[in-house]
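Structure data (mmCIF, C-alpha atoms and all ligand atoms) from start_38.cif:
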data_data
#
loop_
_atom_site.label_atom_id
_atom_site.label_comp_id
_atom_site.auth_asym_id
_atom_site.auth_seq_id
_atom_site.Cartn_x
_atom_site.Cartn_y
_atom_site.Cartn_z
CA GLY G 1 78.58 95.84 152.70
CA LYS G 2 77.46 98.71 150.49
CA SER G 3 77.20 98.28 146.74
CA TYR G 4 78.24 100.79 144.05
CA LYS G 5 77.68 100.93 140.31
CA ILE G 6 80.68 102.26 138.42
CA ALA G 7 80.94 102.88 134.68
CA VAL G 8 84.41 101.90 133.47
CA LEU G 9 85.48 103.68 130.27
CA ALA G 10 89.11 102.72 129.58
CA GLY G 11 89.39 104.35 126.14
CA ASP G 12 92.54 104.45 124.08
CA GLY G 13 96.33 104.18 124.21
CA ILE G 14 97.56 103.55 127.74
CA GLY G 15 93.95 103.91 129.02
CA PRO G 16 93.22 100.15 129.12
CA GLU G 17 96.70 99.38 130.49
CA VAL G 18 96.42 101.67 133.51
CA MET G 19 92.70 100.93 133.99
CA ALA G 20 93.51 97.23 134.47
CA GLN G 21 95.72 98.21 137.41
CA ALA G 22 93.06 100.42 139.01
CA LEU G 23 90.57 97.53 138.76
CA ARG G 24 93.15 95.22 140.33
CA VAL G 25 93.46 97.58 143.30
CA LEU G 26 89.68 98.06 143.58
CA ALA G 27 89.22 94.27 143.70
CA VAL G 28 91.39 94.17 146.82
CA VAL G 29 89.54 97.16 148.31
CA GLU G 30 86.25 95.29 147.84
CA THR G 31 87.36 92.40 150.02
CA LYS G 32 89.25 94.48 152.52
CA PHE G 33 86.43 96.95 153.17
CA SER G 34 83.48 94.58 152.53
CA LEU G 35 82.17 96.65 149.62
CA LYS G 36 80.63 95.52 146.36
CA PHE G 37 81.56 97.22 143.09
CA GLU G 38 79.49 96.55 140.01
CA PHE G 39 81.67 97.53 137.06
CA PHE G 40 80.10 98.33 133.70
CA GLU G 41 82.85 98.38 131.07
CA ARG G 42 81.83 100.34 127.98
CA LEU G 43 83.41 101.66 124.79
CA VAL G 44 84.49 105.30 124.55
CA GLY G 45 86.71 107.46 122.33
CA GLY G 46 88.69 105.94 119.48
CA ALA G 47 87.84 102.43 120.67
CA ALA G 48 84.14 103.31 120.36
CA ILE G 49 84.60 104.90 116.91
CA ASP G 50 86.22 101.66 115.76
CA GLY G 51 83.81 99.35 117.59
CA ALA G 52 80.48 101.16 117.50
CA GLY G 53 80.78 103.93 114.90
CA LYS G 54 80.99 106.94 117.24
CA ALA G 55 83.06 108.26 120.12
CA LEU G 56 80.20 108.32 122.65
CA PRO G 57 77.64 105.60 121.82
CA GLU G 58 74.14 105.97 123.37
CA GLU G 59 74.68 102.70 125.21
CA THR G 60 77.77 104.14 126.91
CA LEU G 61 76.02 107.35 127.93
CA LYS G 62 72.99 105.44 129.22
CA THR G 63 75.23 103.23 131.35
CA CYS G 64 76.96 106.29 132.80
CA GLU G 65 73.56 107.77 133.70
CA ASP G 66 72.68 104.58 135.58
CA CYS G 67 75.91 104.61 137.61
CA GLN G 68 77.15 106.55 140.67
CA ALA G 69 80.40 107.45 138.98
CA ILE G 70 82.55 107.09 135.89
CA LEU G 71 86.08 105.78 136.07
CA PHE G 72 87.63 107.10 132.87
CA GLY G 73 90.97 106.20 131.27
CA SER G 74 91.93 108.47 128.39
CA VAL G 75 90.90 108.97 124.80
CA GLY G 76 92.44 110.08 121.54
CA GLY G 77 95.41 109.28 119.37
CA PRO G 78 96.92 109.68 115.90
CA LYS G 79 94.52 107.14 114.39
CA TRP G 80 91.50 109.46 114.81
CA GLU G 81 93.11 112.87 114.26
CA SER G 82 92.05 113.15 110.63
CA LEU G 83 88.33 112.74 111.38
CA PRO G 84 86.12 115.85 111.44
CA PRO G 85 86.99 117.60 114.75
CA ALA G 86 83.52 117.14 116.28
CA GLU G 87 83.72 113.36 115.73
CA GLN G 88 87.14 112.91 117.30
CA PRO G 89 87.47 111.19 120.69
CA GLU G 90 88.11 114.41 122.66
CA ARG G 91 85.34 116.58 121.22
CA GLY G 92 83.03 113.67 120.46
CA ALA G 93 83.17 111.96 123.86
CA LEU G 94 85.26 113.50 126.63
CA LEU G 95 83.97 117.09 126.47
CA PRO G 96 80.34 116.00 125.92
CA LEU G 97 80.53 113.74 129.01
CA ARG G 98 81.80 116.65 131.14
CA LYS G 99 79.08 118.94 129.80
CA HIS G 100 76.25 116.38 129.95
CA PHE G 101 76.81 115.66 133.64
CA GLY G 102 77.53 119.30 134.55
CA LEU G 103 81.00 118.44 135.84
CA PHE G 104 82.24 122.00 136.23
CA ALA G 105 84.70 121.41 139.08
CA ASN G 106 87.92 119.62 138.17
CA LEU G 107 90.19 118.86 141.14
CA ARG G 108 93.79 117.98 140.35
CA PRO G 109 95.93 117.35 143.44
CA ALA G 110 99.59 117.73 142.47
CA VAL G 111 101.58 116.19 145.28
CA CYS G 112 105.34 115.82 145.13
CA LEU G 113 106.13 113.05 147.61
CA PRO G 114 109.36 113.64 149.56
CA GLU G 115 110.83 110.43 148.07
CA LEU G 116 110.11 111.66 144.55
CA THR G 117 111.93 114.98 144.70
CA HIS G 118 114.71 113.39 142.61
CA ALA G 119 112.21 112.69 139.81
CA SER G 120 111.21 116.36 139.71
CA PRO G 121 113.03 118.48 137.12
CA LEU G 122 113.28 121.25 139.72
CA HIS G 123 116.44 121.97 141.67
CA PRO G 124 116.58 119.87 144.90
CA THR G 125 116.64 122.98 147.09
CA ILE G 126 113.32 124.11 145.59
CA VAL G 127 111.44 120.83 146.09
CA GLU G 128 113.12 119.58 149.24
CA GLY G 129 110.57 117.78 151.44
CA GLY G 130 108.01 117.77 148.63
CA PHE G 131 105.03 120.03 148.01
CA ASP G 132 101.26 119.80 147.70
CA VAL G 133 99.24 121.99 145.33
CA LEU G 134 95.57 121.52 144.46
CA CYS G 135 94.55 122.79 141.06
CA VAL G 136 90.85 123.71 140.95
CA ARG G 137 90.08 123.99 137.25
CA GLU G 138 86.77 125.23 135.81
CA LEU G 139 85.75 122.49 133.35
CA THR G 140 82.56 123.34 131.45
CA GLY G 141 83.04 126.95 130.35
CA GLY G 142 85.48 129.30 128.70
CA LEU G 143 87.12 128.79 125.33
CA TYR G 144 86.34 125.08 125.26
CA PHE G 145 82.59 125.57 124.99
CA GLY G 146 81.96 129.20 123.93
CA GLU G 147 79.91 129.85 120.77
CA PRO G 148 80.52 130.73 118.01
CA LYS G 149 83.34 128.36 117.21
CA TYR G 150 84.32 127.80 113.58
CA ILE G 151 86.80 127.98 110.72
CA LYS G 152 85.65 129.92 107.64
CA GLN G 153 87.10 131.10 104.39
CA GLU G 154 87.05 134.70 103.21
CA GLY G 155 88.68 135.47 99.89
CA ASN G 156 91.56 133.06 99.62
CA GLU G 157 92.26 132.91 103.34
CA HIS G 158 90.81 130.92 106.22
CA PHE G 159 90.16 132.33 109.67
CA ALA G 160 89.24 130.64 112.94
CA VAL G 161 87.04 131.85 115.78
CA ASP G 162 86.80 130.53 119.31
CA THR G 163 84.74 132.38 121.87
CA MET G 164 85.57 132.85 125.52
CA VAL G 165 82.50 133.30 127.69
CA TYR G 166 82.14 133.16 131.45
CA TRP G 167 79.00 133.98 133.38
CA GLU G 168 79.33 135.35 136.91
CA SER G 169 77.46 132.30 138.23
CA GLU G 170 80.01 129.97 136.59
CA ILE G 171 82.91 131.85 138.16
CA ARG G 172 81.19 132.05 141.55
CA ARG G 173 80.49 128.31 141.84
CA ILE G 174 84.04 127.24 140.94
CA ALA G 175 85.50 129.92 143.24
CA LYS G 176 83.42 128.51 146.11
CA VAL G 177 84.85 125.05 145.42
CA ALA G 178 88.37 126.51 145.66
CA PHE G 179 87.70 128.40 148.91
CA GLU G 180 85.98 125.40 150.52
CA ALA G 181 88.92 123.18 149.54
CA ALA G 182 91.39 125.74 150.92
CA ARG G 183 89.64 125.65 154.32
CA ARG G 184 90.44 121.95 154.56
CA ARG G 185 94.09 122.65 153.57
CA LYS G 186 96.37 125.65 154.20
CA SER G 187 93.70 128.32 153.70
CA HIS G 188 95.38 129.95 150.74
CA VAL G 189 93.83 130.48 147.31
CA THR G 190 95.80 131.81 144.34
CA SER G 191 93.45 132.83 141.55
CA ILE G 192 94.80 132.86 138.00
CA ASP G 193 93.69 135.20 135.23
CA LYS G 194 94.82 137.53 132.46
CA ALA G 195 92.97 140.58 133.76
CA ASN G 196 95.55 142.89 132.16
CA VAL G 197 94.32 141.87 128.69
CA LEU G 198 91.07 139.87 128.76
CA GLN G 199 87.59 141.05 129.78
CA ASN G 200 87.11 137.51 131.06
CA GLY G 201 90.03 138.12 133.40
CA VAL G 202 88.51 141.36 134.70
CA LEU G 203 85.22 139.65 135.53
CA TRP G 204 86.98 136.57 136.92
CA ARG G 205 89.00 138.68 139.37
CA ARG G 206 85.99 140.74 140.44
CA VAL G 207 83.81 137.70 141.17
CA VAL G 208 86.59 135.78 142.94
CA ASP G 209 87.19 138.85 145.18
CA GLU G 210 83.47 138.94 146.00
CA VAL G 211 83.35 135.24 146.87
CA GLY G 212 86.52 135.71 148.93
CA LYS G 213 84.67 138.14 151.24
CA ASP G 214 82.68 135.14 152.51
CA TYR G 215 85.95 133.42 153.42
CA PRO G 216 87.86 135.98 155.55
CA ASP G 217 89.86 133.10 157.05
CA VAL G 218 91.30 132.23 153.62
CA THR G 219 94.16 134.26 152.13
CA LEU G 220 93.44 135.20 148.53
CA ASP G 221 95.90 136.42 145.98
CA HIS G 222 95.76 136.89 142.22
CA LEU G 223 98.43 136.12 139.66
CA TYR G 224 98.50 136.68 135.95
CA VAL G 225 98.76 133.32 134.23
CA ASP G 226 102.19 133.96 132.72
CA ASN G 227 103.63 134.89 136.09
CA ALA G 228 101.90 131.88 137.68
CA ALA G 229 103.56 129.52 135.19
CA MET G 230 106.89 131.00 136.23
CA GLN G 231 106.23 131.10 140.00
CA LEU G 232 105.25 127.40 139.98
CA VAL G 233 108.76 126.59 138.82
CA ARG G 234 110.43 129.15 141.07
CA ARG G 235 108.62 128.31 144.32
CA PRO G 236 105.97 125.59 144.14
CA LYS G 237 105.71 125.58 147.94
CA PHE G 238 104.18 129.07 147.84
CA PHE G 239 100.98 127.55 146.42
CA ASP G 240 98.15 125.79 148.20
CA VAL G 241 94.99 125.97 146.05
CA VAL G 242 95.33 127.27 142.48
CA LEU G 243 92.02 128.42 140.98
CA ALA G 244 91.91 128.71 137.20
CA GLU G 245 89.55 128.86 134.25
CA ASN G 246 89.34 125.92 131.87
CA LEU G 247 92.27 126.45 129.47
CA PHE G 248 94.66 128.02 131.99
CA GLY G 249 93.94 125.13 134.39
CA ASP G 250 94.58 122.61 131.63
CA ILE G 251 97.98 124.08 130.88
CA LEU G 252 99.10 124.80 134.45
CA SER G 253 98.06 121.35 135.71
CA ASP G 254 100.32 119.58 133.18
CA GLU G 255 103.12 121.81 134.44
CA MET G 256 102.29 121.03 138.08
CA ALA G 257 102.18 117.30 137.28
CA MET G 258 105.67 117.33 135.82
CA LEU G 259 107.00 119.32 138.78
CA THR G 260 105.85 116.47 141.05
CA GLY G 261 107.83 113.99 138.94
CA SER G 262 105.53 112.89 136.10
CA LEU G 263 102.22 113.50 134.38
CA GLY G 264 101.54 109.85 135.18
CA MET G 265 101.17 110.75 138.88
CA LEU G 266 98.33 113.31 138.62
CA PRO G 267 94.76 112.08 139.19
CA SER G 268 91.60 114.12 138.82
CA ALA G 269 88.00 114.31 139.95
CA SER G 270 85.37 116.14 137.90
CA LEU G 271 82.34 117.03 140.00
CA GLY G 272 78.98 118.73 139.62
CA GLU G 273 76.88 120.62 142.15
CA THR G 274 76.76 119.32 145.72
CA HIS G 275 73.38 118.34 147.05
CA GLU G 276 72.42 119.43 150.54
CA GLY G 277 73.05 116.75 153.16
CA SER G 278 74.44 114.20 150.71
CA THR G 279 77.81 112.55 151.34
CA SER G 280 78.14 111.31 147.78
CA ARG G 281 77.89 112.98 144.40
CA PHE G 282 78.15 111.93 140.78
CA GLY G 283 81.61 112.37 139.33
CA MET G 284 84.01 111.36 136.63
CA TYR G 285 87.54 110.33 137.61
CA GLU G 286 90.47 110.23 135.23
CA PRO G 287 94.22 110.73 135.01
CA SER G 288 95.09 114.31 134.05
CA GLY G 289 97.33 113.05 131.27
CA GLY G 290 96.27 111.51 128.01
CA SER G 291 96.51 108.31 126.01
CA ALA G 292 100.32 108.68 125.65
CA PRO G 293 100.63 107.19 122.14
CA ASP G 294 104.44 107.33 122.43
CA ILE G 295 104.48 104.63 125.14
CA ALA G 296 101.15 102.84 124.55
CA GLY G 297 101.31 99.05 124.16
CA LYS G 298 104.68 98.76 125.89
CA GLY G 299 103.37 98.03 129.38
CA ILE G 300 105.51 100.78 130.91
CA ALA G 301 102.95 103.52 131.65
CA ASN G 302 102.64 104.73 135.22
CA PRO G 303 99.27 103.54 136.59
CA ILE G 304 99.38 105.74 139.71
CA ALA G 305 97.26 108.61 138.30
CA GLN G 306 94.54 106.09 137.38
CA ILE G 307 94.76 104.33 140.75
CA LEU G 308 94.64 107.63 142.68
CA SER G 309 91.67 108.67 140.52
CA SER G 310 89.83 105.59 141.73
CA ALA G 311 90.62 106.66 145.31
CA MET G 312 89.05 110.06 144.59
CA LEU G 313 86.01 108.21 143.20
CA LEU G 314 85.62 106.31 146.46
CA ARG G 315 85.95 109.53 148.45
CA PHE G 316 83.64 111.85 146.50
CA SER G 317 81.10 109.57 144.80
CA CYS G 318 80.85 106.80 147.42
CA GLY G 319 81.71 108.55 150.68
CA GLU G 320 84.16 105.70 151.38
CA GLU G 321 86.90 107.80 152.96
CA ALA G 322 88.70 104.91 154.68
CA ALA G 323 89.01 102.95 151.44
CA ALA G 324 90.22 106.05 149.58
CA ALA G 325 92.82 106.76 152.24
CA ALA G 326 93.99 103.15 152.16
CA ILE G 327 94.74 103.38 148.42
CA GLU G 328 96.59 106.67 148.89
CA ALA G 329 98.63 105.19 151.76
CA ALA G 330 99.46 102.15 149.61
CA VAL G 331 100.78 104.40 146.83
CA LYS G 332 102.97 106.27 149.33
CA LYS G 333 104.23 102.97 150.70
CA VAL G 334 105.36 101.49 147.37
CA ILE G 335 107.06 104.78 146.50
CA ALA G 336 108.79 104.79 149.89
CA ASP G 337 109.81 101.16 149.20
CA GLY G 338 111.61 102.41 146.09
CA LEU G 339 109.40 101.01 143.30
CA ARG G 340 109.34 103.19 140.18
CA THR G 341 107.89 103.04 136.69
CA ALA G 342 110.19 104.33 133.93
CA ASP G 343 108.83 107.90 134.02
CA ILE G 344 109.85 108.42 137.67
CA HIS G 345 112.82 106.09 137.79
CA THR G 346 116.04 107.52 139.26
CA PRO G 347 119.35 105.88 140.23
CA GLY G 348 119.10 103.65 143.30
CA THR G 349 115.41 102.82 142.85
CA THR G 350 113.76 99.67 141.46
CA LYS G 351 112.23 99.82 138.00
CA VAL G 352 108.88 98.06 137.56
CA ASP G 353 106.40 97.92 134.69
CA THR G 354 102.74 98.97 134.72
CA ALA G 355 101.50 95.66 136.07
CA GLY G 356 104.31 95.44 138.63
CA MET G 357 103.36 98.82 140.05
CA GLY G 358 99.65 97.96 140.09
CA GLN G 359 100.29 94.63 141.82
CA ALA G 360 102.55 96.22 144.45
CA ILE G 361 99.90 98.83 145.29
CA ALA G 362 97.17 96.16 145.44
CA ASP G 363 99.37 94.06 147.76
CA ALA G 364 100.02 97.09 149.97
CA VAL G 365 96.27 97.69 150.31
CA ALA G 366 95.77 94.02 151.18
CA VAL G 367 98.26 93.99 154.04
CA ALA G 368 97.42 97.45 155.44
P1 LIG S 401 99.71 112.82 126.90
O1 LIG S 401 99.25 113.32 128.21
O2 LIG S 401 99.04 111.60 126.37
O3 LIG S 401 101.27 112.55 126.94
C1 LIG S 401 102.23 113.55 127.24
C2 LIG S 401 103.53 112.91 127.68
O4 LIG S 401 103.38 112.39 129.00
C3 LIG S 401 103.95 111.75 126.80
O5 LIG S 401 105.35 111.73 126.66
C4 LIG S 401 103.49 110.54 127.59
O6 LIG S 401 104.23 109.37 127.36
C5 LIG S 401 103.65 111.01 129.03
N1 LIG S 401 102.69 110.34 129.92
C6 LIG S 401 101.37 110.61 130.04
N2 LIG S 401 100.80 109.76 130.90
C7 LIG S 401 101.77 108.94 131.33
C8 LIG S 401 101.79 107.84 132.24
N3 LIG S 401 100.68 107.41 132.86
N4 LIG S 401 102.97 107.20 132.46
C9 LIG S 401 104.09 107.63 131.86
N5 LIG S 401 104.13 108.65 130.99
C10 LIG S 401 102.97 109.30 130.73
O7 LIG S 401 99.54 114.06 125.94
P2 LIG S 401 99.57 114.21 124.33
O8 LIG S 401 100.66 113.36 123.79
O9 LIG S 401 99.56 115.65 124.12
O10 LIG S 401 98.18 113.62 123.87
C11 LIG S 401 98.00 112.30 123.39
C12 LIG S 401 96.52 112.05 123.13
O11 LIG S 401 95.82 112.00 124.37
C13 LIG S 401 95.84 113.15 122.32
O12 LIG S 401 94.91 112.54 121.45
C14 LIG S 401 95.14 113.99 123.36
O13 LIG S 401 94.03 114.69 122.88
C15 LIG S 401 94.72 112.92 124.32
N6 LIG S 401 94.46 113.37 125.70
C16 LIG S 401 93.40 112.77 126.33
C17 LIG S 401 93.14 113.08 127.64
C18 LIG S 401 91.98 112.42 128.32
O14 LIG S 401 91.37 111.52 127.76
N7 LIG S 401 91.62 112.82 129.51
C19 LIG S 401 93.97 113.98 128.34
C20 LIG S 401 95.05 114.55 127.66
C21 LIG S 401 95.30 114.23 126.35
C1 LIG S 402 92.68 117.08 130.00
C2 LIG S 402 92.85 116.94 128.50
C3 LIG S 402 91.58 117.39 127.78
C4 LIG S 402 91.35 118.87 128.12
C5 LIG S 402 91.62 117.21 126.25
C6 LIG S 402 91.95 115.80 125.85
C7 LIG S 402 90.33 117.63 125.63
O1 LIG S 402 93.96 117.65 128.06
O2 LIG S 402 91.76 116.44 130.56
O3 LIG S 402 93.46 117.80 130.61
O4 LIG S 402 91.92 119.76 127.49
O5 LIG S 402 90.58 119.12 129.05
MN MN S 403 95.15 118.48 129.64
#
Produce structure tokens that represent the structure in this file.
Ligand code: NAD
Ligand code: IPM
Ligand code: MN
Amino acid sequence: GKSYKIAVLAGDGIGPEVMAQALRVLAVVETKFSLKFEFFERLVGGAAIDGAGKALPEETLKTCEDCQAILFGSVGGPKWESLPPAEQPERGALLPLRKHFGLFANLRPAVCLPELTHASPLHPTIVEGGFDVLCVRELTGGLYFGEPKYIKQEGNEHFAVDTMVYWESEIRRIAKVAFEAARRRKSHVTSIDKANVLQNGVLWRRVVDEVGKDYPDVTLDHLYVDNAAMQLVRRPKFFDVVLAENLFGDILSDEMAMLTGSLGMLPSASLGETHEGSTSRFGMYEPSGGSAPDIAGKGIANPIAQILSSAMLLRFSCGEEAAAAAIEAAVKKVIADGLRTADIHTPGTTKVDTAGMGQAIADAVAVA
């Protein structure tokens, strides 16, 4: 069978706990689909600060460069929040990894399974039958990376500056990703901006409209971000693909995750440019949520976002569609069987811990 090199960066908090479950599932996939995964486990984030003196050691970056993909857990936590901002796990490791590999396209599929509508905070009539929204978030531009960026003192007061910059080419390439994705779904793109206030919003809307002309078969509409936050709660089924710049996508995707039942359910793929004729591309795959310090170490975190992220890795970076689909089917099966971690537990279902959920999904892949 084919062989793949995968960098495994578990990170902090619940990262290692949910990563262990993804690796458990991948071990079954290996046998079942006659594949060979070479895993390279390396330090990142707070764990790397403690173990190697910095959030993104050269050794870790080098390993990532030698691999087809990165399976990432999560980084950050109270222990490292008093370090200089640039040295902290998020700005010292996670954002540099995204930038270094040019991972501008962040795909976050927020799927509310029909069996999980009770775990959603939305009224049953709104979520009945479930819903399926894909957030396409721009990941290497906007306020996260714009220069200048600083805090300074003038007189006896401090002031802070962050800069929001988007180039047409950055907007165009992420818009194309959204339209292409929509063609494989319900052919509907909702683009998010704040064009009533921000120059970035004006340019965003103009470029997305232009790109949309190449996709006459896809319905395009625009929403201001505040209205979008509201409409997601009011009628999530209206949405198919949601296209957003970096910060808006960050915020809206946490909202979407919770509407499906839990942040612990939302996986993500961060991808760079596609290369002509290639069925695989480099990518980083991680849960959309963070290191969850409030539940870390208790063995109760939901591993599904990490497990579904590994399925996205197999699909986009390995071209192993059947293996990816098998993992996704296994997740649906254990949910249909009534197994729930604490975050999605509702009356009449069976509560399991992190390892119990991981094992059940691995078993379901094995017998599929
Ligand atoms: P968080 O996403 O870690 O947690 C938010 C809430 O969701 C918490 O109540 C948490 O318990 C819950 N939650 C998240 N994942 C869960 C799971 N798998 N199962 C069950 N419940 C889950 O956000 P936060 O508390 O704002 O941030 C904590 C730390 O994580 C911060 O340092 C932040 O910067 C970092 N962070 C890292 C990443 C990443 O590495 N990709 C993403 C987001 C936040
Ligand atoms: C995410 C996280 C990161 C982001 C943080 C930890 C820098 O919230 O992946 O959604 O804002 O992109
Ligand atoms: Mn986020």
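The closest residue to ligand MN 403 (chain S), picked from G:Ala195, G:Leu313, G:Leu266, G:Val207 and counting only C-alpha atoms and all ligand atoms, is G:Leu266.
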Surrounding residues of Arg172 (chain G) excluding itself and chain neighbours under 6 positions, 12 Å, only C-alpha atoms, as a list in words: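 The residues that qualify are Phe104, Ala105, Glu138, Tyr166, Ala178, Phe179, Leu203, Trp204, Arg205, Arg206, Val207, Val208, Asp209, Glu210, Val211, Gly212, Lys213, Asp214, Leu243 and Glu245 of chain G.
Here CA of Val225 (chain G) stands at a distance of 14.3 Å from CA of Gln199 (chain G).
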Pick from G:Ser34, G:Thr63, G:Thr190, G:Thr354, whichever lies nearest to Ala22 (chain G) using only C-alpha atoms: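 Answer, going by the shortest atom-to-atom distance: G:Thr354.
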Hey, can you check how far CA of Gly129 (chain G) sits from CA of Leu263 (chain G)?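 Pair CA of Gly129 (chain G) / CA of Leu263 (chain G) returns 19.5 Å.
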What does the list of residues within 6 Å of ligand LIG 402 (chain S) look like if you count all atoms listed in the file, written as a ChimeraX atom specification? /G:90,250,288
Figure out the distance between CA of Ser74 (chain G) and atom C17 of ligand LIG 401 (chain S), please, to one decimal in Å.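 Separation between atom C17 of ligand LIG 401 (chain S) and CA of Ser74 (chain G): 4.8 Å.
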Can you list, as number ranges by chain, every protein, DNA or RNA residue that comes within 12 Å of Glu255 (chain G) when you count all atoms listed in the file, leaving out same-chain residues fewer than 2 positions away? G: 108, 110, 120-122, 133, 135, 228-233, 236, 248-253, 257-263, 266, 288-289
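Checking G:Lys237, G:Lys36, G:Arg24, G:Arg91 one by one against ligand LIG 401 (chain S), counting only C-alpha atoms and all ligand atoms, you find the shortest gap at G:Arg91.
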List the spatial neighbours of region 357-364 of chain G as a list of chain:residue names - criterion: any atom at most 7 Å away, only C-alpha atoms, same-chain residues fewer than 2 positions off excluded.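 Within the cut-off, the hits are G:Gln21, G:Arg24, G:Val25, G:Val28, G:Pro303, G:Ala330, G:Val331, G:Val334, G:Val352, G:Asp353, G:Thr354, G:Ala355, G:Ala366, G:Val367, G:Ala368.
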Create the file for the chosen residues now, containing C-alpha atoms and written as a tab-separated table (two decimals), in the frame of the given file.
chain	number	residue	atom	x	y	z
G	21	GLN	CA	95.72	98.21	137.41
G	24	ARG	CA	93.15	95.22	140.33
G	25	VAL	CA	93.46	97.58	143.30
G	28	VAL	CA	91.39	94.17	146.82
G	303	PRO	CA	99.27	103.54	136.59
G	330	ALA	CA	99.46	102.15	149.61
G	331	VAL	CA	100.78	104.40	146.83
G	334	VAL	CA	105.36	101.49	147.37
G	352	VAL	CA	108.88	98.06	137.56
G	353	ASP	CA	106.40	97.92	134.69
G	354	THR	CA	102.74	98.97	134.72
G	355	ALA	CA	101.50	95.66	136.07
G	366	ALA	CA	95.77	94.02	151.18
G	367	VAL	CA	98.26	93.99	154.04
G	368	ALA	CA	97.42	97.45	155.44
Write out as a PyMOL selection string the residues lying within 7 Å of Arg340 (chain G), counting only C-alpha atoms and excluding same-chain residues fewer than 6 positions away. chain G and resi 349-352
Using all atoms listed in the file, which residues have at least one atom no more than 8 Å from ligand LIG 401 (chain S)? Output them as a ChimeraX atom specification. /G:11,13-14,18,72-78,81,89-90,94,262-265,286-296,300-306,341-343
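Candidate residues G:Arg184, G:Lys149, G:His118, G:Arg137 were compared for distance to ligand MN 403 (chain S), and the nearest is G:Arg137, using only C-alpha atoms and all ligand atoms.
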Please tell me which residues are no farther than 10 Å from (94.4, 104.8, 148.8) in the file, counting only C-alpha atoms, and write them as a list in words.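 Within the cut-off we find Val25, Leu26, Val29, Ile307, Leu308, Ser309, Ser310, Ala311, Met312, Leu314, Arg315, Glu321, Ala322, Ala323, Ala324, Ala325, Ala326, Ile327, Glu328, Ala329, Ala330, Val331, Lys332, Ile361, Ala362, Ala364 and Val365 of chain G.
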Taking into account all atoms listed in the file, which residue in the set G:Gly299, G:Asn200, G:Glu168, G:Lys186 is nearest to Gly15 (chain G)?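 So, comparing all the options, the nearest one is G:Gly299.
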